[in-house]
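Structure file start-v9.csv (CSV, C-alpha atoms) follows.
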chain,number,residue,atom,x,y,z
R,1,MET,CA,0.0,0.0,0.0
R,2,ALA,CA,1.5,3.3,-1.1
R,3,ILE,CA,1.2,6.6,0.8
R,4,ALA,CA,-1.2,8.8,-1.2
R,5,PHE,CA,-0.2,12.3,-2.2
R,6,PRO,CA,-3.0,14.3,-0.5
R,7,ALA,CA,-4.9,17.0,-2.3
R,8,LEU,CA,-4.7,20.6,-1.1
R,9,PRO,CA,-7.7,21.7,0.9
R,10,TYR,CA,-8.0,24.8,-1.5
R,11,SER,CA,-6.8,25.7,-5.0
R,12,SER,CA,-3.1,26.5,-5.4
R,13,ASP,CA,-3.9,30.2,-6.0
R,14,ALA,CA,-6.3,30.5,-3.0
R,15,LEU,CA,-3.7,31.9,-0.5
R,16,ASP,CA,-2.6,34.7,-2.9
R,17,PRO,CA,-1.3,37.4,-2.2
R,18,TYR,CA,0.2,36.1,1.1
R,19,ILE,CA,1.5,32.9,-0.5
R,20,SER,CA,1.8,33.1,-4.3
R,21,THR,CA,0.6,30.5,-6.8
R,22,THR,CA,4.3,30.1,-7.8
R,23,THR,CA,5.3,29.3,-4.3
R,24,MET,CA,2.5,26.8,-3.9
R,25,GLU,CA,3.4,25.1,-7.2
R,26,PHE,CA,7.0,24.6,-6.0
R,27,HIS,CA,6.2,24.0,-2.3
R,28,TYR,CA,3.3,21.7,-2.7
R,29,GLY,CA,3.7,20.4,-6.3
R,30,LYS,CA,7.4,19.7,-6.1
R,31,HIS,CA,8.7,19.6,-2.6
R,32,HIS,CA,5.8,17.9,-0.8
R,33,LYS,CA,5.2,15.5,-3.8
R,34,ALA,CA,8.9,14.6,-3.8
R,35,TYR,CA,8.7,13.6,-0.1
R,36,VAL,CA,5.7,11.3,-0.8
R,37,ASP,CA,7.3,9.8,-4.0
R,38,ASN,CA,10.7,9.2,-2.3
R,39,LEU,CA,9.0,7.6,0.8
R,40,ASN,CA,7.0,5.3,-1.4
R,41,LYS,CA,10.2,4.2,-3.2
R,42,MET,CA,12.0,3.6,0.1
R,43,ILE,CA,9.2,1.6,1.8
R,44,ALA,CA,8.3,-0.6,-1.2
R,45,GLY,CA,8.7,-4.2,-0.3
R,46,THR,CA,9.4,-3.5,3.4
R,47,PRO,CA,7.2,-3.9,6.5
R,48,PHE,CA,6.7,-0.1,6.4
R,49,GLU,CA,4.6,-0.2,3.2
R,50,ASN,CA,1.5,-1.4,5.1
R,51,LEU,CA,1.7,1.3,7.8
R,52,THR,CA,0.1,4.7,8.0
R,53,LEU,CA,2.3,7.8,7.8
R,54,GLU,CA,2.1,8.3,11.6
R,55,GLU,CA,3.0,4.7,12.2
R,56,ILE,CA,6.0,5.0,9.9
R,57,ILE,CA,7.2,8.1,11.7
R,58,ARG,CA,6.9,6.5,15.1
R,59,GLU,CA,8.6,3.3,14.0
R,60,THR,CA,11.6,5.1,12.4
R,61,SER,CA,12.1,8.0,14.7
R,62,GLY,CA,15.6,8.0,16.2
R,63,GLU,CA,16.6,4.9,14.2
R,64,GLU,CA,19.8,5.9,12.2
R,65,LYS,CA,19.3,3.1,9.7
R,66,PHE,CA,15.8,4.4,8.8
R,67,GLN,CA,16.7,8.1,8.8
R,68,GLY,CA,15.8,8.5,5.1
R,69,ILE,CA,12.4,6.9,5.6
R,70,PHE,CA,11.8,9.0,8.7
R,71,ASN,CA,12.8,12.3,7.0
R,72,ASN,CA,10.5,11.7,4.0
R,73,ALA,CA,7.6,10.4,6.1
R,74,ALA,CA,7.8,13.3,8.6
R,75,GLN,CA,8.1,15.9,5.9
R,76,ALA,CA,5.1,14.4,4.1
R,77,TRP,CA,3.1,14.5,7.3
R,78,ASN,CA,4.3,17.9,8.4
R,79,HIS,CA,3.4,19.4,5.0
R,80,ASP,CA,-0.1,17.9,4.9
R,81,PHE,CA,-0.7,19.2,8.4
R,82,PHE,CA,0.6,22.7,7.4
R,83,TRP,CA,-1.7,23.0,4.4
R,84,HIS,CA,-4.6,22.3,6.8
R,85,CYS,CA,-3.4,25.1,9.2
R,86,MET,CA,-4.3,27.7,6.6
R,87,SER,CA,-7.4,28.9,4.8
R,88,PRO,CA,-8.1,31.7,2.3
R,89,GLU,CA,-10.6,32.9,4.9
R,90,GLY,CA,-8.2,32.4,7.8
R,91,GLY,CA,-6.4,34.9,10.0
R,92,GLN,CA,-8.8,34.9,13.0
R,93,PRO,CA,-8.1,33.6,16.5
R,94,PRO,CA,-9.8,30.3,17.4
R,95,LYS,CA,-13.1,30.5,19.3
R,96,GLY,CA,-14.4,28.9,22.4
R,97,ALA,CA,-12.4,26.3,24.3
R,98,LYS,CA,-9.4,26.5,22.0
R,99,LEU,CA,-9.1,30.3,22.5
R,100,ARG,CA,-9.5,29.9,26.3
R,101,LYS,CA,-6.8,27.2,26.4
R,102,ILE,CA,-4.4,29.5,24.4
R,103,GLU,CA,-5.2,32.4,26.7
R,104,GLU,CA,-4.6,30.2,29.8
R,105,ALA,CA,-1.2,29.1,28.4
R,106,PHE,CA,0.1,32.4,27.0
R,107,GLY,CA,-1.9,35.1,28.7
R,108,SER,CA,-3.7,36.3,25.5
R,109,TYR,CA,-3.9,35.5,21.9
R,110,ASP,CA,-1.7,38.4,21.0
R,111,LYS,CA,1.0,37.1,23.4
R,112,PHE,CA,0.7,33.6,21.8
R,113,CYS,CA,1.2,35.2,18.4
R,114,GLU,CA,4.3,37.1,19.6
R,115,ALA,CA,5.8,33.9,21.1
R,116,PHE,CA,4.9,31.9,17.9
R,117,VAL,CA,6.6,34.5,15.6
R,118,ASN,CA,9.7,34.5,17.9
R,119,ALA,CA,9.9,30.8,17.8
R,120,ALA,CA,9.6,30.7,14.0
R,121,VAL,CA,12.1,33.5,13.4
R,122,SER,CA,14.6,32.1,15.9
R,123,GLN,CA,14.6,28.5,14.4
R,124,PHE,CA,18.1,28.3,13.1
R,125,GLY,CA,18.1,27.0,9.6
R,126,SER,CA,15.3,24.9,8.2
R,127,GLY,CA,12.5,23.7,10.3
R,128,TRP,CA,9.1,24.3,11.8
R,129,ALA,CA,7.4,26.2,14.7
R,130,TRP,CA,4.5,24.4,16.4
R,131,LEU,CA,1.8,25.0,18.9
R,132,VAL,CA,1.5,21.6,20.7
R,133,GLU,CA,-0.4,19.9,23.5
R,134,ASP,CA,1.3,17.4,25.8
R,135,LYS,CA,-0.2,14.3,27.3
R,136,ASP,CA,-1.3,16.4,30.3
R,137,GLY,CA,-3.2,18.8,28.1
R,138,LYS,CA,-0.7,21.7,28.5
R,139,LEU,CA,0.0,23.9,25.5
R,140,SER,CA,3.4,25.0,24.5
R,141,ILE,CA,5.3,26.3,21.5
R,142,VAL,CA,8.2,24.2,20.2
R,143,LYS,CA,10.6,24.4,17.3
R,144,THR,CA,11.8,21.4,15.3
R,145,SER,CA,14.7,21.2,12.9
R,146,ASN,CA,14.6,19.8,9.4
R,147,ALA,CA,12.0,17.0,9.2
R,148,ASP,CA,11.5,16.5,13.0
R,149,THR,CA,7.9,16.5,14.1
R,150,PRO,CA,6.1,16.6,17.4
R,151,ILE,CA,4.2,13.4,16.8
R,152,ALA,CA,7.6,11.6,17.0
R,153,HIS,CA,7.8,12.9,20.6
R,154,GLY,CA,4.3,12.1,21.8
R,155,LEU,CA,3.0,15.7,21.4
R,156,LYS,CA,-0.3,16.6,19.7
R,157,PRO,CA,0.1,19.4,17.1
R,158,TRP,CA,-2.5,22.1,17.0
R,159,LEU,CA,-0.7,24.4,14.5
R,160,THR,CA,2.5,24.7,12.5
R,161,VAL,CA,4.3,27.1,10.2
R,162,ASP,CA,6.9,25.9,7.8
R,163,VAL,CA,10.1,27.9,8.0
R,164,TRP,CA,12.1,26.1,5.4
R,165,GLU,CA,13.2,28.7,2.8
R,166,HIS,CA,11.1,27.0,0.1
R,167,ALA,CA,8.0,27.9,2.1
R,168,TYR,CA,8.5,31.7,1.7
R,169,TYR,CA,11.6,32.7,-0.2
R,170,LEU,CA,10.0,33.4,-3.6
R,171,ASP,CA,7.5,35.8,-1.9
R,172,TYR,CA,9.4,37.2,1.1
R,173,GLN,CA,13.1,36.6,0.3
R,174,ASN,CA,14.9,36.6,3.7
R,175,ARG,CA,12.0,38.2,5.6
R,176,ARG,CA,10.9,35.2,7.5
R,177,ALA,CA,9.2,37.3,10.2
R,178,ASP,CA,7.0,39.0,7.6
R,179,PHE,CA,6.0,35.6,6.3
R,180,VAL,CA,5.1,34.3,9.7
R,181,LYS,CA,3.2,37.5,10.6
R,182,ALA,CA,1.2,37.2,7.3
R,183,PHE,CA,0.5,33.6,8.1
R,184,LEU,CA,-1.0,34.5,11.5
R,185,ALA,CA,-2.8,37.7,10.4
R,186,HIS,CA,-4.3,36.4,7.1
R,187,LEU,CA,-4.1,32.6,6.7
R,188,VAL,CA,-4.1,30.7,10.1
R,189,LYS,CA,-6.9,28.3,10.7
R,190,PHE,CA,-7.4,26.5,14.0

How does this structure look as structure tokens?
Amino acid sequence: MAIAFPALPYSSDALDPYISTTTMEFHYGKHHKAYVDNLNKMIAGTPFENLTLEEIIRETSGEEKFQGIFNNAAQAWNHDFFWHCMSPEGGQPPKGAKLRKIEEAFGSYDKFCEAFVNAAVSQFGSGWAWLVEDKDGKLSIVKTSNADTPIAHGLKPWLTVDVWEHAYYLDYQNRRADFVKAFLAHLVKF
């Protein structure tokens, strides 16, 4: 059983002007697709080929001999999750229980946004910034490098932003903070 390349939850031009069609064509159509294609080649004929993406990540995390499988599986999962963290109608804080939980953890939604931007901007090199929930229900912001993902560490992701250069460079050049702020102000979907 191969891992399917998931469809975007909106058209490739839907996030314009905050994320251009050109960026989406490269980011989704080339980078994300390559992770899925490479993973399927790597797991063909192995016990991993009958597992879900999350199961593959958990089985290969921290295992040096499976680093390539982990990297491609985690990047495929991270990207699919990222696409679902955005909407053309996004940019509003969550409502109800989710908002109350964020306010409890960070003091206010604005303070959460400030901390999230700081995490994303301070991630050295390629990676991700995440809002996660631990097994005790506590929210925190974490950063992961390269393909690492919170699900490999028993954390439940609520939100992520991709801070690999391919996510923003065509539209924002080296202005990562501007990209993350636009993500929160105009695209974020909880």

List every residue of segment 76-152 of chain R that has an atom at most 12 Å from any atom of segment 56-68 of chain R, giving for each one its closest atom pair and the distance in Å to one decimal, counting all atoms listed in the file, sorted by chain and then by ascending residue number, as CSV.
residue,atom,partner,partner_atom,distance
R:Ala76,CA,R:Ile57,CA,10.1
R:Trp77,CA,R:Ile57,CA,8.8
R:Asn78,CA,R:Ile57,CA,10.7
R:Asn146,CA,R:Gln67,CA,11.9
R:Ala147,CA,R:Gln67,CA,10.1
R:Asp148,CA,R:Ser61,CA,8.7
R:Thr149,CA,R:Ile57,CA,8.8
R:Pro150,CA,R:Ile57,CA,10.3
R:Ile151,CA,R:Arg58,CA,7.6
R:Ala152,CA,R:Arg58,CA,5.5

Find the distance between atom CA of His84 of chain R and atom CA of Thr160 of chain R and write it in Å to one decimal.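 Spanning atom CA of His84 of chain R to atom CA of Thr160 of chain R is a straight-line distance of 9.4 Å.
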
Nearby residues (only C-alpha atoms) at most 12 Å from Gly91 of chain R, same-chain spacing under 5 positions excluded, as a ChimeraX atom specification: /R:15,18,85-86,113,180-190

Only C-alpha atoms, please: the residues just picked out, written as a PDB file, in the coordinates of the input.
ATOM      1  CA  LEU R  15      -3.700  31.900  -0.500  1.00  0.00           C
ATOM      2  CA  TYR R  18       0.200  36.100   1.100  1.00  0.00           C
ATOM      3  CA  CYS R  85      -3.400  25.100   9.200  1.00  0.00           C
ATOM      4  CA  MET R  86      -4.300  27.700   6.600  1.00  0.00           C
ATOM      5  CA  CYS R 113       1.200  35.200  18.400  1.00  0.00           C
ATOM      6  CA  VAL R 180       5.100  34.300   9.700  1.00  0.00           C
ATOM      7  CA  LYS R 181       3.200  37.500  10.600  1.00  0.00           C
ATOM      8  CA  ALA R 182       1.200  37.200   7.300  1.00  0.00           C
ATOM      9  CA  PHE R 183       0.500  33.600   8.100  1.00  0.00           C
ATOM     10  CA  LEU R 184      -1.000  34.500  11.500  1.00  0.00           C
ATOM     11  CA  ALA R 185      -2.800  37.700  10.400  1.00  0.00           C
ATOM     12  CA  HIS R 186      -4.300  36.400   7.100  1.00  0.00           C
ATOM     13  CA  LEU R 187      -4.100  32.600   6.700  1.00  0.00           C
ATOM     14  CA  VAL R 188      -4.100  30.700  10.100  1.00  0.00           C
ATOM     15  CA  LYS R 189      -6.900  28.300  10.700  1.00  0.00           C
ATOM     16  CA  PHE R 190      -7.400  26.500  14.000  1.00  0.00           C
TER      17      PHE R 190
END

Sorted per-residue table, segment 109-143 of chain R near segment 93-98 of chain R, closest atoms and distance, 12 Å, all atoms listed in the file, as CSV:
residue,atom,partner,partner_atom,distance
R:Tyr109,CA,R:Pro93,CA,7.1
R:Asp110,CA,R:Pro93,CA,9.2
R:Lys111,CA,R:Pro93,CA,11.9
R:Phe112,CA,R:Pro93,CA,10.3
R:Cys113,CA,R:Pro93,CA,9.6
R:Leu131,CA,R:Lys98,CA,11.7
R:Glu133,CA,R:Lys98,CA,11.3
R:Gly137,CA,R:Lys98,CA,11.6
R:Lys138,CA,R:Lys98,CA,11.9
R:Leu139,CA,R:Lys98,CA,10.4

Residues within 9 Å of segment 164-176 of chain R, please, as a tab-separated table (two decimals) with C-alpha atoms, in the coordinates of the input. Count only C-alpha atoms; anything in the same chain fewer than 4 positions from it doesn't count.
chain	number	residue	atom	x	y	z
R	17	PRO	CA	-1.30	37.40	-2.20
R	18	TYR	CA	0.20	36.10	1.10
R	19	ILE	CA	1.50	32.90	-0.50
R	20	SER	CA	1.80	33.10	-4.30
R	22	THR	CA	4.30	30.10	-7.80
R	23	THR	CA	5.30	29.30	-4.30
R	24	MET	CA	2.50	26.80	-3.90
R	26	PHE	CA	7.00	24.60	-6.00
R	27	HIS	CA	6.20	24.00	-2.30
R	31	HIS	CA	8.70	19.60	-2.60
R	120	ALA	CA	9.60	30.70	14.00
R	121	VAL	CA	12.10	33.50	13.40
R	125	GLY	CA	18.10	27.00	9.60
R	126	SER	CA	15.30	24.90	8.20
R	127	GLY	CA	12.50	23.70	10.30
R	128	TRP	CA	9.10	24.30	11.80
R	146	ASN	CA	14.60	19.80	9.40
R	180	VAL	CA	5.10	34.30	9.70
R	181	LYS	CA	3.20	37.50	10.60

Expressed in Å to a single decimal, how great is the separation between atom CA of Asp134 of chain R and atom CA of Lys156 of chain R?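 Atom CA of Asp134 of chain R sits 6.4 Å away from atom CA of Lys156 of chain R.
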